[in-house]
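Below is the file input-v6.cif, which contains mmCIF, C-alpha atoms, pLDDT in the B column; chains and numbers go by the auth columns.
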data_structure
loop_
_atom_site.group_PDB
_atom_site.id
_atom_site.type_symbol
_atom_site.label_atom_id
_atom_site.label_comp_id
_atom_site.label_asym_id
_atom_site.label_seq_id
_atom_site.Cartn_x
_atom_site.Cartn_y
_atom_site.Cartn_z
_atom_site.B_iso_or_equiv
_atom_site.auth_seq_id
_atom_site.auth_asym_id
ATOM 1 C CA MET A 1 -47.079 2.721 5.260 49.00 1 A
ATOM 2 C CA PHE A 2 -46.783 -0.316 7.460 52.00 2 A
ATOM 3 C CA PRO A 3 -49.410 -3.076 7.650 56.00 3 A
ATOM 4 C CA GLY A 4 -52.050 -2.250 10.210 55.00 4 A
ATOM 5 C CA GLY A 5 -50.758 1.308 10.485 57.00 5 A
ATOM 6 C CA GLY A 6 -48.395 0.322 13.303 59.00 6 A
ATOM 7 C CA GLN A 7 -44.739 1.032 13.842 65.00 7 A
ATOM 8 C CA PRO A 8 -42.148 -1.019 11.956 69.00 8 A
ATOM 9 C CA ASP A 9 -40.591 -3.941 13.779 82.00 9 A
ATOM 10 C CA MET A 10 -37.148 -2.509 14.558 84.00 10 A
ATOM 11 C CA GLN A 11 -35.620 -5.956 15.016 85.00 11 A
ATOM 12 C CA GLN A 12 -36.866 -6.978 11.574 86.00 12 A
ATOM 13 C CA LEU A 13 -35.532 -3.771 10.017 85.00 13 A
ATOM 14 C CA LEU A 14 -32.127 -4.279 11.650 87.00 14 A
ATOM 15 C CA GLN A 15 -31.965 -7.872 10.431 87.00 15 A
ATOM 16 C CA GLN A 16 -32.873 -6.789 6.905 86.00 16 A
ATOM 17 C CA ALA A 17 -30.207 -4.060 6.943 85.00 17 A
ATOM 18 C CA GLN A 18 -27.631 -6.540 8.235 88.00 18 A
ATOM 19 C CA ARG A 19 -28.492 -9.031 5.449 88.00 19 A
ATOM 20 C CA MET A 20 -28.170 -6.286 2.849 86.00 20 A
ATOM 21 C CA GLN A 21 -24.817 -5.228 4.319 86.00 21 A
ATOM 22 C CA GLN A 22 -23.587 -8.842 4.169 87.00 22 A
ATOM 23 C CA ASP A 23 -24.796 -9.192 0.566 84.00 23 A
ATOM 24 C CA LEU A 24 -23.011 -5.962 -0.351 84.00 24 A
ATOM 25 C CA ALA A 25 -19.767 -7.110 1.307 85.00 25 A
ATOM 26 C CA ARG A 26 -19.986 -10.453 -0.508 87.00 26 A
ATOM 27 C CA ALA A 27 -20.565 -8.724 -3.855 83.00 27 A
ATOM 28 C CA GLN A 28 -17.610 -6.385 -3.234 83.00 28 A
ATOM 29 C CA GLU A 29 -15.371 -9.385 -2.493 87.00 29 A
ATOM 30 C CA GLU A 30 -16.509 -11.035 -5.724 86.00 30 A
ATOM 31 C CA LEU A 31 -15.688 -7.842 -7.625 85.00 31 A
ATOM 32 C CA ALA A 32 -12.198 -7.713 -6.114 85.00 32 A
ATOM 33 C CA ASP A 33 -11.607 -11.320 -7.236 87.00 33 A
ATOM 34 C CA THR A 34 -13.107 -11.006 -10.729 89.00 34 A
ATOM 35 C CA GLU A 35 -10.839 -9.902 -13.560 91.00 35 A
ATOM 36 C CA VAL A 36 -12.043 -8.081 -16.666 91.00 36 A
ATOM 37 C CA LYS A 37 -10.074 -7.060 -19.737 95.00 37 A
ATOM 38 C CA GLY A 38 -9.942 -4.119 -22.081 95.00 38 A
ATOM 39 C CA GLN A 39 -8.138 -3.881 -25.403 96.00 39 A
ATOM 40 C CA ALA A 40 -6.852 -1.210 -27.723 96.00 40 A
ATOM 41 C CA GLY A 41 -5.248 -1.174 -31.139 94.00 41 A
ATOM 42 C CA GLY A 42 -7.102 -4.271 -32.267 95.00 42 A
ATOM 43 C CA GLY A 43 -5.696 -6.262 -29.359 95.00 43 A
ATOM 44 C CA LEU A 44 -2.122 -4.941 -29.536 96.00 44 A
ATOM 45 C CA VAL A 45 -2.466 -3.774 -25.930 96.00 45 A
ATOM 46 C CA GLU A 46 -4.601 -5.553 -23.356 97.00 46 A
ATOM 47 C CA ALA A 47 -5.199 -4.404 -19.778 96.00 47 A
ATOM 48 C CA THR A 48 -6.598 -6.606 -17.033 95.00 48 A
ATOM 49 C CA VAL A 49 -8.286 -5.017 -14.034 93.00 49 A
ATOM 50 C CA THR A 50 -10.332 -6.366 -11.171 89.00 50 A
ATOM 51 C CA GLY A 51 -14.029 -5.667 -10.972 86.00 51 A
ATOM 52 C CA SER A 52 -13.162 -3.050 -8.368 83.00 52 A
ATOM 53 C CA GLY A 53 -10.813 -1.277 -10.819 85.00 53 A
ATOM 54 C CA GLU A 54 -7.358 -2.440 -9.690 90.00 54 A
ATOM 55 C CA LEU A 55 -4.912 -2.818 -12.593 94.00 55 A
ATOM 56 C CA ARG A 56 -3.550 -6.372 -12.470 94.00 56 A
ATOM 57 C CA ALA A 57 -1.817 -6.920 -15.796 95.00 57 A
ATOM 58 C CA LEU A 58 -0.815 -5.205 -19.004 96.00 58 A
ATOM 59 C CA ALA A 59 0.089 -7.149 -22.140 96.00 59 A
ATOM 60 C CA ILE A 60 1.776 -5.378 -25.062 96.00 60 A
ATOM 61 C CA ASP A 61 2.247 -7.106 -28.400 96.00 61 A
ATOM 62 C CA PRO A 62 5.795 -6.507 -29.691 95.00 62 A
ATOM 63 C CA LYS A 63 4.264 -5.148 -32.923 94.00 63 A
ATOM 64 C CA ALA A 64 3.000 -2.173 -30.896 93.00 64 A
ATOM 65 C CA VAL A 65 6.509 -1.211 -29.807 93.00 65 A
ATOM 66 C CA ASP A 66 8.125 1.386 -32.063 94.00 66 A
ATOM 67 C CA PRO A 67 11.043 3.199 -30.402 93.00 67 A
ATOM 68 C CA GLU A 68 10.427 6.122 -32.752 95.00 68 A
ATOM 69 C CA ASP A 69 6.766 6.457 -31.693 94.00 69 A
ATOM 70 C CA THR A 70 6.316 5.895 -27.976 94.00 70 A
ATOM 71 C CA GLU A 71 3.362 8.297 -27.894 96.00 71 A
ATOM 72 C CA THR A 72 1.156 5.899 -29.852 95.00 72 A
ATOM 73 C CA LEU A 73 2.070 3.065 -27.498 95.00 73 A
ATOM 74 C CA ALA A 74 1.260 5.269 -24.500 96.00 74 A
ATOM 75 C CA ASP A 75 -2.101 6.157 -26.071 96.00 75 A
ATOM 76 C CA LEU A 76 -2.844 2.464 -26.626 96.00 76 A
ATOM 77 C CA VAL A 77 -1.993 1.660 -23.007 96.00 77 A
ATOM 78 C CA VAL A 78 -4.261 4.438 -21.731 96.00 78 A
ATOM 79 C CA ALA A 79 -7.086 3.327 -24.043 96.00 79 A
ATOM 80 C CA ALA A 80 -6.766 -0.326 -22.957 96.00 80 A
ATOM 81 C CA VAL A 81 -6.846 0.613 -19.266 96.00 81 A
ATOM 82 C CA GLN A 82 -9.836 2.881 -19.853 96.00 82 A
ATOM 83 C CA ALA A 83 -11.651 0.087 -21.693 95.00 83 A
ATOM 84 C CA ALA A 84 -10.904 -2.364 -18.880 95.00 84 A
ATOM 85 C CA ASN A 85 -12.132 0.133 -16.275 94.00 85 A
ATOM 86 C CA ALA A 86 -15.322 0.707 -18.275 94.00 86 A
ATOM 87 C CA ASN A 87 -15.882 -3.056 -18.225 93.00 87 A
ATOM 88 C CA ALA A 88 -15.208 -3.077 -14.465 91.00 88 A
ATOM 89 C CA GLN A 89 -17.778 -0.310 -13.941 91.00 89 A
ATOM 90 C CA GLN A 90 -20.333 -2.275 -15.922 91.00 90 A
ATOM 91 C CA LEU A 91 -19.618 -5.310 -13.743 88.00 91 A
ATOM 92 C CA GLN A 92 -20.032 -3.126 -10.633 86.00 92 A
ATOM 93 C CA GLN A 93 -23.412 -1.961 -11.904 87.00 93 A
ATOM 94 C CA GLU A 94 -24.496 -5.557 -12.492 85.00 94 A
ATOM 95 C CA LYS A 95 -23.338 -6.828 -9.099 81.00 95 A
ATOM 96 C CA LEU A 96 -23.883 -3.832 -6.832 80.00 96 A
ATOM 97 C CA GLY A 97 -26.649 -1.919 -8.578 78.00 97 A
ATOM 98 C CA PRO A 98 -29.546 -3.978 -7.201 70.00 98 A
ATOM 99 C CA LEU A 99 -27.992 -3.931 -3.714 67.00 99 A
ATOM 100 C CA ALA A 100 -27.483 -0.168 -3.801 62.00 100 A
ATOM 101 C CA GLN A 101 -31.083 0.346 -4.897 59.00 101 A
ATOM 102 C CA GLY A 102 -32.246 -1.890 -2.062 55.00 102 A
ATOM 103 C CA MET A 103 -30.380 0.321 0.398 51.00 103 A
ATOM 104 C CA GLY A 104 -32.016 3.464 -0.928 50.00 104 A
ATOM 105 C CA GLY A 105 -29.351 4.140 -3.563 48.00 105 A
ATOM 106 C CA GLY A 106 -26.388 6.436 -3.297 47.00 106 A
ATOM 107 C CA ILE A 107 -23.694 4.526 -1.473 48.00 107 A
ATOM 108 C CA PRO A 108 -20.703 6.817 -0.913 51.00 108 A
ATOM 109 C CA GLY A 109 -17.717 5.848 -3.037 53.00 109 A
ATOM 110 C CA LEU A 110 -19.737 3.958 -5.629 50.00 110 A
ATOM 111 C CA PRO A 111 -20.526 5.479 -9.016 49.00 111 A
ATOM 112 C CA PHE A 112 -24.324 5.051 -8.800 45.00 112 A
#
Can you present the structure in this file as structure tokens?
Amino acid sequence: MFPGGGQPDMQQLLQQAQRMQQDLARAQEELADTEVKGQAGGGLVEATVTGSGELRALAIDPKAVDPEDTETLADLVVAAVQAANANAQQLQQEKLGPLAQGMGGGIPGLPF
């Protein structure tokens, strides 16, 4: 319900939507610039992704490299990337969650 039972001020609603869109764009830029890490094997493999989920770096400790057992190394790489992506999703929730809720929730392409 609107104060006084009148119609909403369309100009005010448009300005509010524009501010929210700008805030969302700013938060998405911050996510793309922020790096988060994930580890596996007690730190033998470390993946770095952006807050938006882009893989930026992968560090593998030489102790993790066994030519006779490449499957374990592959598993560690997958686990490190998954851990980094989980951290990126948490960061997305922190940065975009309040904005998405303010826009009525459910922004296409975002996991909330």
Once the PyMOL selection byres ((chain A and resi 55-68) around 10) has been evaluated on this model, what residues remain selected, and can you format them as a ChimeraX atom specification? /A:35-41,43-54,69-74,76-77,80-81,84-85
One decimal place gives the atom CA of Lys95 of chain A-atom CA of Ala27 of chain A separation as 6.2 Å
Enter the distance from atom CA of Gln12 of chain A to atom CA of Gly97 of chain A, in Å, rounded to one decimal.
->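 Distance reported for this atom pair: 23.2 Å.
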Computed gap from atom CA of Leu96 of chain A to atom CA of Gln16 of chain A is 16.7 Å
